[in-house]
Structures are given as structure tokens and as C-alpha cells.
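Structure file entry.csv (CSV, C-alpha atoms) is printed below.
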chain,number,residue,atom,x,y,z
A,413,MET,CA,48.1,6.2,71.1
A,414,LYS,CA,48.0,9.3,69.0
A,415,GLY,CA,50.9,10.6,66.9
A,416,THR,CA,51.9,13.2,64.4
A,417,VAL,CA,53.1,12.2,60.9
A,418,LEU,CA,56.5,13.8,60.2
A,419,GLY,CA,56.9,12.4,56.7
A,420,GLY,CA,57.1,9.2,54.6
A,421,THR,CA,56.3,7.6,51.3
A,422,ASN,CA,54.2,4.7,50.0
A,423,ASN,CA,53.4,2.7,53.1
A,424,THR,CA,56.1,3.7,55.5
A,425,PHE,CA,55.8,6.8,57.7
A,426,SER,CA,57.7,8.4,60.5
A,427,VAL,CA,55.3,9.2,63.3
A,428,GLU,CA,56.1,11.2,66.5
A,429,CYS,CA,54.0,9.5,69.1
A,430,GLU,CA,52.6,11.0,72.3
A,431,ASP,CA,55.0,8.9,74.4
A,432,LYS,CA,57.9,10.9,72.9
A,433,VAL,CA,59.0,8.0,70.7
A,434,THR,CA,59.3,8.5,67.0
A,435,ARG,CA,58.2,5.3,65.3
A,436,LEU,CA,58.5,4.0,61.7
A,437,CYS,CA,55.0,2.9,60.9
A,438,ALA,CA,53.2,1.0,58.2
A,439,ILE,CA,49.5,1.4,57.6
A,440,LYS,CA,47.5,-1.5,59.1
A,441,GLY,CA,45.8,-3.4,56.3
A,442,LYS,CA,47.8,-1.1,53.9
A,443,GLN,CA,44.7,1.2,53.4
A,444,LEU,CA,43.0,3.8,55.5
A,445,LYS,CA,39.3,4.4,55.4
A,446,SER,CA,38.6,7.6,53.5
A,447,ASP,CA,35.8,9.3,51.6
A,448,THR,CA,38.3,10.6,49.1
A,449,ARG,CA,41.0,8.7,47.1
A,450,TYR,CA,44.2,10.7,47.6
A,451,TYR,CA,47.6,10.3,45.8
A,452,ASN,CA,49.2,9.9,49.3
A,453,PRO,CA,47.3,8.3,52.2
A,454,LEU,CA,49.1,10.5,54.8
A,455,ALA,CA,50.8,13.9,54.8
A,456,PRO,CA,53.1,15.7,57.2
A,457,GLY,CA,51.0,17.2,60.0
A,458,ASP,CA,48.4,14.5,60.0
A,459,ILE,CA,47.3,13.2,63.4
A,460,VAL,CA,46.9,9.4,63.5
A,461,LYS,CA,46.3,6.6,65.9
A,462,VAL,CA,49.2,4.2,66.3
A,463,GLU,CA,49.4,0.6,67.5
A,464,PRO,CA,53.0,0.2,68.8
A,465,ASP,CA,54.9,-3.0,67.9
A,466,GLU,CA,55.1,-5.3,70.9
A,467,ILE,CA,58.7,-6.4,70.0
A,468,ASP,CA,60.3,-3.3,68.5
A,469,GLU,CA,59.6,-0.1,70.3
A,470,GLU,CA,60.6,2.0,67.3
A,471,LYS,CA,58.0,0.5,65.0
A,472,GLY,CA,54.2,0.4,64.8
A,473,LEU,CA,51.1,0.4,62.7
A,474,VAL,CA,48.9,3.4,61.8
A,475,THR,CA,45.3,2.2,62.5
A,476,GLU,CA,43.4,5.5,61.9
A,477,LEU,CA,43.7,9.0,60.4
A,478,LEU,CA,41.9,11.5,62.7
A,479,PRO,CA,39.9,14.3,61.1
A,480,ARG,CA,42.0,17.1,59.7
A,481,LYS,CA,41.6,20.7,60.9
A,482,ASN,CA,42.5,21.7,57.4
A,483,ALA,CA,44.8,20.6,54.5
A,484,PHE,CA,46.7,22.1,51.6
A,485,LEU,CA,46.2,20.2,48.4
A,486,ARG,CA,47.0,20.3,44.7
A,487,TRP,CA,45.9,18.1,41.8
A,488,ASN,CA,48.5,15.5,41.1
A,489,VAL,CA,48.6,15.3,37.3
A,490,LYS,CA,50.6,12.1,37.1
A,491,GLY,CA,48.4,10.2,39.6
A,492,ARG,CA,45.2,12.0,38.5
A,493,THR,CA,44.1,12.4,42.1
A,494,PRO,CA,44.3,15.1,44.8
A,495,GLN,CA,47.6,15.2,46.7
A,496,VAL,CA,47.7,16.5,50.3
A,497,LEU,CA,51.0,18.5,50.8
A,498,ALA,CA,50.5,19.4,54.5
A,499,SER,CA,47.7,19.3,57.1
A,500,ASN,CA,46.6,20.9,60.4
A,501,LEU,CA,48.2,24.3,59.6
A,502,ASP,CA,48.1,27.6,61.4
A,503,TYR,CA,49.8,29.4,58.4
A,504,LEU,CA,50.5,28.6,54.8
A,505,LEU,CA,53.8,30.3,53.9
A,506,LEU,CA,53.8,30.9,50.1
A,507,VAL,CA,57.4,31.7,49.1
A,508,THR,CA,58.3,33.8,46.0
A,509,THR,CA,61.2,35.8,44.8
A,510,PRO,CA,61.8,38.9,42.6
A,511,ASP,CA,64.3,36.9,40.6
A,512,GLU,CA,66.4,33.7,40.6
A,513,PRO,CA,64.1,32.0,39.8
A,514,PRO,CA,61.9,34.5,37.9
A,515,PHE,CA,59.0,36.1,39.7
A,516,ARG,CA,55.7,34.2,38.9
A,517,PRO,CA,52.8,36.1,40.3
A,518,ARG,CA,50.2,33.8,38.7
A,519,PHE,CA,51.8,30.9,40.6
A,520,ILE,CA,51.1,32.7,43.8
A,521,ASP,CA,47.5,33.6,42.7
A,522,ARG,CA,46.9,29.9,42.1
A,523,GLU,CA,48.1,29.0,45.6
A,524,LEU,CA,46.0,31.8,47.1
A,525,ALA,CA,42.9,30.5,45.3
A,526,GLN,CA,43.6,27.0,46.7
A,527,ALA,CA,44.2,28.4,50.2
A,528,GLU,CA,40.9,30.3,50.0
A,529,CYS,CA,39.1,27.1,48.9
A,530,GLN,CA,40.6,25.2,51.9
A,531,ASN,CA,40.0,28.0,54.4
A,532,LEU,CA,43.7,28.3,55.1
A,533,VAL,CA,45.6,31.5,56.3
A,534,PRO,CA,48.2,32.3,53.6
A,535,VAL,CA,51.3,34.5,54.2
A,536,ILE,CA,53.3,35.6,51.2
A,537,ILE,CA,57.0,35.4,51.8
A,538,CYS,CA,59.1,37.4,49.4
A,539,ASN,CA,62.6,35.8,49.8
A,540,LYS,CA,65.8,37.2,48.1
A,541,TYR,CA,64.6,40.7,48.7
A,542,ASP,CA,68.2,41.9,48.5
A,543,LEU,CA,68.3,41.3,44.7
A,544,PRO,CA,68.2,44.3,42.4
A,545,ALA,CA,65.0,43.1,40.8
A,546,ALA,CA,63.1,43.8,44.1
A,547,SER,CA,63.0,47.5,43.1
A,548,ASP,CA,61.2,46.8,39.9
A,549,ILE,CA,57.9,48.8,39.9
A,550,ASP,CA,55.8,45.9,38.5
A,551,PHE,CA,57.1,43.6,41.2
A,552,GLN,CA,56.3,46.1,43.9
A,553,ASN,CA,52.9,46.8,42.5
A,554,ARG,CA,52.0,43.1,42.7
A,555,LEU,CA,53.1,42.9,46.3
A,556,THR,CA,51.0,46.0,47.1
A,557,ASP,CA,48.0,44.4,45.3
A,558,TRP,CA,48.2,41.4,47.6
A,559,GLU,CA,48.6,43.6,50.7
A,560,ASN,CA,45.6,45.7,49.7
A,561,LEU,CA,43.5,42.5,49.6
A,562,GLY,CA,44.4,41.8,53.3
A,563,TYR,CA,47.2,39.2,52.7
A,564,THR,CA,50.3,39.5,54.9
A,565,VAL,CA,53.4,40.0,52.8
A,566,LEU,CA,56.8,39.7,54.4
A,567,ARG,CA,59.9,41.0,52.5
A,568,ILE,CA,62.9,39.0,53.7
A,569,SER,CA,66.3,37.8,52.7
A,570,ALA,CA,67.8,34.5,54.0
A,571,LYS,CA,71.2,35.9,52.8
A,572,THR,CA,71.2,39.4,54.6
A,573,GLY,CA,68.7,38.6,57.4
A,574,GLU,CA,66.3,41.3,56.4
A,575,GLY,CA,62.8,40.7,57.8
A,576,LEU,CA,63.6,37.3,59.4
A,577,SER,CA,62.7,38.5,62.9
A,578,ASP,CA,59.2,39.4,61.6
A,579,LEU,CA,58.9,35.9,60.2
A,580,ALA,CA,60.3,34.1,63.3
A,581,ASN,CA,57.9,36.0,65.6
A,582,LEU,CA,54.9,35.3,63.3
A,583,ILE,CA,55.5,31.5,63.3
A,584,LYS,CA,56.6,31.0,66.9
A,585,ASP,CA,54.6,28.2,68.5
A,586,LYS,CA,52.7,27.6,65.2
A,587,THR,CA,52.6,24.9,62.6
A,588,CYS,CA,53.2,26.2,59.1
A,589,ALA,CA,54.0,24.8,55.6
A,590,LEU,CA,56.6,26.3,53.3
A,591,VAL,CA,55.4,26.1,49.7
A,592,GLY,CA,56.9,27.3,46.5
A,593,GLN,CA,58.7,26.5,43.3
A,594,SER,CA,62.1,24.8,43.2
A,595,GLY,CA,65.1,27.0,43.9
A,596,ILE,CA,63.1,29.7,45.7
A,597,GLY,CA,65.1,29.3,49.0
A,598,LYS,CA,62.8,27.4,51.3
A,599,SER,CA,65.6,25.2,52.7
A,600,SER,CA,67.8,28.3,53.2
A,601,LEU,CA,65.1,29.9,55.2
A,602,VAL,CA,64.8,26.9,57.5
A,603,ASN,CA,68.6,26.9,58.0
A,604,VAL,CA,68.6,30.5,59.2
A,605,LEU,CA,65.5,30.2,61.3
A,606,ASP,CA,67.2,27.4,63.2
A,607,ASN,CA,71.0,27.8,63.0
A,608,SER,CA,71.4,24.3,64.3
A,609,CYS,CA,69.5,22.8,61.3
A,610,VAL,CA,71.4,22.1,58.1
A,611,LEU,CA,69.2,21.3,55.1
A,612,LYS,CA,70.7,20.7,51.7
A,613,THR,CA,70.3,23.8,49.4
A,614,GLY,CA,70.3,23.7,45.7
A,615,SER,CA,71.3,25.9,42.8
A,616,LEU,CA,69.4,27.1,39.7
A,617,SER,CA,69.6,25.4,36.3
A,618,GLN,CA,71.6,27.8,34.2
A,619,LYS,CA,69.7,26.9,31.1
A,620,TYR,CA,66.2,27.4,32.4
A,621,GLY,CA,66.6,29.6,35.5
A,622,ARG,CA,64.7,26.9,37.4
A,623,GLY,CA,65.6,25.4,40.7
A,624,GLN,CA,66.8,21.9,41.3
A,625,HIS,CA,64.7,19.6,43.5
A,626,THR,CA,66.6,19.4,46.8
A,627,THR,CA,63.5,18.5,49.0
A,628,THR,CA,62.1,15.4,47.4
A,629,LYS,CA,59.3,14.7,50.0
A,630,GLY,CA,57.5,16.7,52.5
A,631,THR,CA,58.8,16.7,56.1
A,632,LEU,CA,57.6,18.2,59.3
A,633,LEU,CA,60.6,19.8,61.1
A,634,ARG,CA,60.6,20.8,64.8
A,635,LEU,CA,62.7,24.0,64.8
A,636,HIS,CA,64.4,25.8,67.7
A,637,LEU,CA,64.2,29.4,66.5
A,638,THR,CA,67.6,31.3,66.5
A,639,GLU,CA,67.5,33.4,69.7
A,640,SER,CA,68.6,36.6,68.0
A,641,LEU,CA,65.5,36.4,65.7
A,642,VAL,CA,63.1,36.3,68.7
A,643,GLY,CA,64.6,39.0,70.9
A,644,GLY,CA,66.9,36.6,72.8
A,645,LEU,CA,64.1,34.3,73.9
A,646,LYS,CA,65.4,30.9,74.7
A,647,ASN,CA,63.7,27.7,73.6
A,648,ALA,CA,61.3,29.3,71.2
A,649,VAL,CA,60.0,26.7,68.8
A,650,THR,CA,58.0,26.3,65.6
A,651,SER,CA,56.9,23.4,63.4
A,652,ILE,CA,57.7,23.8,59.7
A,653,ILE,CA,56.5,21.4,57.0
A,654,ASP,CA,59.1,21.8,54.2
A,655,THR,CA,57.3,20.7,51.0
A,656,PRO,CA,59.0,19.6,47.8
A,657,GLY,CA,59.6,22.3,45.2
A,658,ILE,CA,56.7,22.6,42.7
A,659,ARG,CA,57.1,23.5,39.1
A,660,ARG,CA,53.4,23.2,38.1
A,661,PHE,CA,50.7,24.0,40.7
A,662,VAL,CA,47.4,22.6,39.4
A,663,LEU,CA,44.3,23.6,41.3
A,664,ASN,CA,42.2,20.9,43.0
A,665,ASP,CA,38.4,20.8,43.0
A,666,ILE,CA,38.0,24.3,41.6
A,667,SER,CA,36.1,24.7,38.4
A,668,GLY,CA,36.6,27.5,35.9
A,669,ASP,CA,33.1,28.9,36.8
A,670,ASP,CA,33.8,28.8,40.5
A,671,LEU,CA,37.3,30.3,40.4
A,672,ALA,CA,36.0,33.9,41.0
A,673,MET,CA,34.7,32.7,44.4
A,674,TYR,CA,38.3,32.2,45.5
A,675,PHE,CA,39.6,35.6,44.4
A,676,ARG,CA,38.9,37.8,47.5
A,677,GLU,CA,38.1,41.0,45.6
A,678,PHE,CA,35.7,39.2,43.2
A,679,LYS,CA,33.7,37.3,45.8
A,680,PRO,CA,31.5,40.2,47.1
A,681,LEU,CA,30.4,41.1,43.6
A,682,ILE,CA,29.4,37.6,42.4
A,683,GLY,CA,25.7,37.3,41.7
A,684,LYS,CA,25.2,41.1,41.5
A,685,CYS,CA,25.9,41.3,37.7
A,686,SER,CA,23.0,42.0,35.3
A,687,PHE,CA,23.2,38.3,34.2
A,688,GLY,CA,23.4,37.1,37.8
A,689,MET,CA,25.2,33.9,38.5
A,690,SER,CA,25.5,33.1,34.8
A,691,CYS,CA,27.8,36.0,34.1
A,692,LYS,CA,31.2,35.0,32.8
A,693,HIS,CA,32.8,38.4,33.8
A,694,GLN,CA,34.3,38.9,30.4
A,695,THR,CA,32.2,40.9,27.9
A,696,GLU,CA,28.7,41.0,29.5
A,697,PRO,CA,27.1,44.4,30.0
A,698,GLY,CA,26.3,45.2,33.6
A,699,CYS,CA,29.1,43.0,34.9
A,700,LYS,CA,30.1,44.3,38.3
A,701,ILE,CA,33.5,42.7,38.2
A,702,LEU,CA,34.3,44.4,34.9
A,703,GLU,CA,33.0,47.7,36.3
A,704,ALA,CA,35.3,47.2,39.3
A,705,VAL,CA,38.3,46.6,37.0
A,706,HIS,CA,37.5,49.7,34.9
A,707,ALA,CA,37.2,51.8,38.2
A,708,GLY,CA,40.5,50.5,39.5
A,709,VAL,CA,38.9,48.7,42.4
A,710,ILE,CA,40.1,45.4,41.1
A,711,SER,CA,43.7,45.6,39.6
A,712,GLU,CA,44.0,44.8,35.9
A,713,GLU,CA,46.9,42.4,36.8
A,714,ARG,CA,44.7,40.3,39.1
A,715,TYR,CA,41.9,40.3,36.6
A,716,GLU,CA,44.2,39.1,33.9
A,717,SER,CA,45.6,36.5,36.2
A,718,TRP,CA,42.1,35.2,36.9
A,719,LEU,CA,41.3,35.1,33.2
A,720,ARG,CA,44.4,33.0,32.4
A,721,ILE,CA,44.0,30.6,35.4
A,722,ARG,CA,40.3,30.1,34.4
A,723,GLU,CA,41.4,29.3,30.8
A,724,GLU,CA,44.0,26.8,32.2
A,725,ILE,CA,41.3,25.1,34.2
A,726,ILE,CA,38.9,24.8,31.3
A,727,SER,CA,41.6,23.7,28.7
A,728,GLY,CA,43.6,21.6,31.1
A,729,ASN,CA,46.7,23.2,29.7
A,730,TRP,CA,48.6,24.3,32.8
A,731,LYS,CA,51.7,26.5,32.5
A,732,ASP,CA,54.9,26.0,34.5
Let me see whether you can do it: turn the structure in this file into C-alpha cells.
Amino acid sequence: MKGTVLGGTNNTFSVECEDKVTRLCAIKGKQLKSDTRYYNPLAPGDIVKVEPDEIDEEKGLVTELLPRKNAFLRWNVKGRTPQVLASNLDYLLLVTTPDEPPFRPRFIDRELAQAECQNLVPVIICNKYDLPAASDIDFQNRLTDWENLGYTVLRISAKTGEGLSDLANLIKDKTCALVGQSGIGKSSLVNVLDNSCVLKTGSLSQKYGRGQHTTTKGTLLRLHLTESLVGGLKNAVTSIIDTPGIRRFVLNDISGDDLAMYFREFKPLIGKCSFGMSCKHQTEPGCKILEAVHAGVISEERYESWLRIREEIISGNWKD
């Protein structure tokens, strides 16, 4: 029968099967057929075929991974292989904050580039919007830049409830992944979206202003949305994959030369420069991307972000 992977590690996975039984499953033969070697054989959201155990109804074997509609990946530096964080998504929810932990727009730009590469639909969630830092002009300008590119940006606060109805109505009946650095408030968001759900929330490291890892492995959660957030609608549901907090997001399968393809505002101009496809978009005369930056069509902040991410790819020296 078919089933949906809820989570797991190594060779043991929790699979919600189509007969409504959630089984603890190992992989038959300990290895699945795949064209790519991944850090993890299965990810939350994967659809698999399961062979139920004849003796124990709550156990089984995964015999096959069915083709993914899409997947969100990163390069796992430790394992030196791609790592699938979540699959079969309607939305990729990229969570950021104005502060606590500090705002990291280049982190979001990396995630957006990976989302564009994987043909995912990203939504930028600015949590902790009640903090004073949310009024900072540079912060607001970056949010506006993303909105001008056509990305949906939601300004919310798990603490005050601001914007949560917009988020709940967006994700109703959808499968989404919450992605972001540690301490950004992903678990707190889950707790308010479904007030019967209680996930452990963490605090920031006082020394570094970084979050502590409270979610250690990705898990697909079936949430019953709090009625007040969806206009009193009863039994409204969503599926959220809560991913572990990420300190370094390293792009997967994107070269320095190809990065411009995954910046929305750059893509229409690629190949139109005087030097054609060989243009590096840095000092070349007749570069259409540089002309767009000078004309204010492409923001200087996004161009600088592209330059720095490109250098990270080429040098292999990724920043936190």
C-alpha cells in the first residue's frame, strides 16, 4: 500500500499508511533505488510503497520511493551529499525575523535561489514583527524588494497574533515546509496555528544571539487550525513539515556562473549583455544587469547579495 513519510532517521521511518495506520518502517534491503545519492534516503512528505508486517500491524517495510512532485534540498557539508529537507510541497515557508536572532537577508536570498532552482513556491514569513527592529528602514526596504519581485511576504507575530489569520488561510488544506535558522520561532508558529499542539520552543544563546536547536529532525505534522484564525471554520487542517533549524544554508547543484538564473530579476537579462552568456556581470561594458542596477531596476542590496553568494559558491567558504 502507499504511505506518507512523517519523519525518521537512518533506516527507521514513521509512515502514515493509506489504511489509516501509522507504521514504523525500515527500508527493505536497507537501500532504495535512486539516480542520486542523498544524505538521507527519505524525507518528510515522501510518498512510498509499504509492505505491512504480517505479525505486527504497526510495523512494515518501505519497498519503493514514488516520484517526488518537488523537493527542497541543501548541500550537506558534513556528508558531502545533497540532503532533502522536505518533499511534495505546495508552499515553502521561509521564516525570518527583524531581530532575535539578527536579520539575515542573504540567508533568505540563498533559500530563494534554491527554491527557484527546484521550482518551489516560496512564501517569506517575517515572524516577531512586534519587535522594535521591525521599523528599521533597511529591514523594511528588503521586505519591499522581495515583494516587488513577486514573492509573498507575510508580516506576523506568534506572540501578538498579528498576521496569523493570513498565514492560516494561505496554508489551509496545503502541505508546507517551515524553514529557517535556529531560534527564529518556527515551533512557536506551529503552537499558535494549532492550539492543541505543544512543540518545545527554545531560547537564544546570549553569547552569539543564535537559536538553540529544539527541532532536531524534520517531522510532518497534521495540524487542526485554530478556529479563530480561519473565521470560525471547524476542522480546517494543514500539513506542516517542521524542519530543523539551519545555521549554514549551502546551495545544492547551483554553480557560481548559474546563480544569476535563480535571481528572478536577473534571469530576463541573461544572454543580452554585450559579452553574451560569458558576461560575469561585474565590470564588463554593456552588461545589462549592471545597467539595471545603475538604473534602480535591480536593487543594489540584491546585487550585492548575489555577488557575495557567488563568491561563497566559488570559494567554498560559506558564512553562517
Practice task
Compare A:Gln530, A:Ser594, A:Thr655, A:Thr424 by their minimum atom-to-atom distance to Leu505 of chain A, counting all atoms listed in the file, and give me the closest one.
Solution key: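 Of the candidates, the smallest distance to Leu505 of chain A is held by A:Thr655.
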Practice task
Quick one: pull the distance between atom CA of Glu523 of chain A and atom CA of Cys588 of chain A, Å, one decimal.
Solution key: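 Atom-to-atom, atom CA of Glu523 of chain A and atom CA of Cys588 of chain A are spaced 14.7 Å apart.
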Exercise for the section: Fewer than 5 positions away in the same chain doesn't count, so skip those; otherwise give me all residues within 8 Å of Lys481 of chain A, counting only C-alpha atoms, as a list of chain:residue names. Expected result: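 Using only C-alpha atoms, the neighbours found are A:Ser499, A:Asn500, A:Leu501.
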Handout entry: Close residues, segment 452-469 of chain A itself excluded, 7 Å, all atoms listed in the file, min 4 positions apart in chain, as a ChimeraX atom specification
Key = /A:413-419,473-478,480,495-500,630-632,653
Keeping only C-alpha atoms, write those residues as an mmCIF file, in the coordinates of the input.
data_model
loop_
_atom_site.group_PDB
_atom_site.id
_atom_site.type_symbol
_atom_site.label_atom_id
_atom_site.label_comp_id
_atom_site.auth_asym_id
_atom_site.auth_seq_id
_atom_site.Cartn_x
_atom_site.Cartn_y
_atom_site.Cartn_z
ATOM 1 C CA MET A 413 48.100 6.200 71.100
ATOM 2 C CA LYS A 414 48.000 9.300 69.000
ATOM 3 C CA GLY A 415 50.900 10.600 66.900
ATOM 4 C CA THR A 416 51.900 13.200 64.400
ATOM 5 C CA VAL A 417 53.100 12.200 60.900
ATOM 6 C CA LEU A 418 56.500 13.800 60.200
ATOM 7 C CA GLY A 419 56.900 12.400 56.700
ATOM 8 C CA LEU A 473 51.100 0.400 62.700
ATOM 9 C CA VAL A 474 48.900 3.400 61.800
ATOM 10 C CA THR A 475 45.300 2.200 62.500
ATOM 11 C CA GLU A 476 43.400 5.500 61.900
ATOM 12 C CA LEU A 477 43.700 9.000 60.400
ATOM 13 C CA LEU A 478 41.900 11.500 62.700
ATOM 14 C CA ARG A 480 42.000 17.100 59.700
ATOM 15 C CA GLN A 495 47.600 15.200 46.700
ATOM 16 C CA VAL A 496 47.700 16.500 50.300
ATOM 17 C CA LEU A 497 51.000 18.500 50.800
ATOM 18 C CA ALA A 498 50.500 19.400 54.500
ATOM 19 C CA SER A 499 47.700 19.300 57.100
ATOM 20 C CA ASN A 500 46.600 20.900 60.400
ATOM 21 C CA GLY A 630 57.500 16.700 52.500
ATOM 22 C CA THR A 631 58.800 16.700 56.100
ATOM 23 C CA LEU A 632 57.600 18.200 59.300
ATOM 24 C CA ILE A 653 56.500 21.400 57.000
#
Practice task
With only C-alpha atoms counted, which protein, DNA or RNA residues have an atom no more than 8 Å from (63.0, 31.5, 69.4) in the file frame? Please answer as an NGL selection string.
Solution key: :A and (580-581 or 584 or 636-649)
Rows by chain and residue number, segment 522-556 of chain A within 7 Å of segment 563-571 of chain A, shortest pair, all atoms listed in the file, as JSON lines:
{"residue": "A:Val535", "atom": "CA", "partner": "A:Thr564", "partner_atom": "CA", "distance": 5.1}
{"residue": "A:Ile536", "atom": "CA", "partner": "A:Val565", "partner_atom": "CA", "distance": 4.7}
{"residue": "A:Ile537", "atom": "CA", "partner": "A:Leu566", "partner_atom": "CA", "distance": 5.0}
{"residue": "A:Cys538", "atom": "CA", "partner": "A:Arg567", "partner_atom": "CA", "distance": 4.8}
{"residue": "A:Asn539", "atom": "CA", "partner": "A:Ile568", "partner_atom": "CA", "distance": 5.1}
{"residue": "A:Lys540", "atom": "CA", "partner": "A:Ser569", "partner_atom": "CA", "distance": 4.7}
{"residue": "A:Tyr541", "atom": "CA", "partner": "A:Ser569", "partner_atom": "CA", "distance": 5.2}
{"residue": "A:Asp542", "atom": "CA", "partner": "A:Ser569", "partner_atom": "CA", "distance": 6.2}
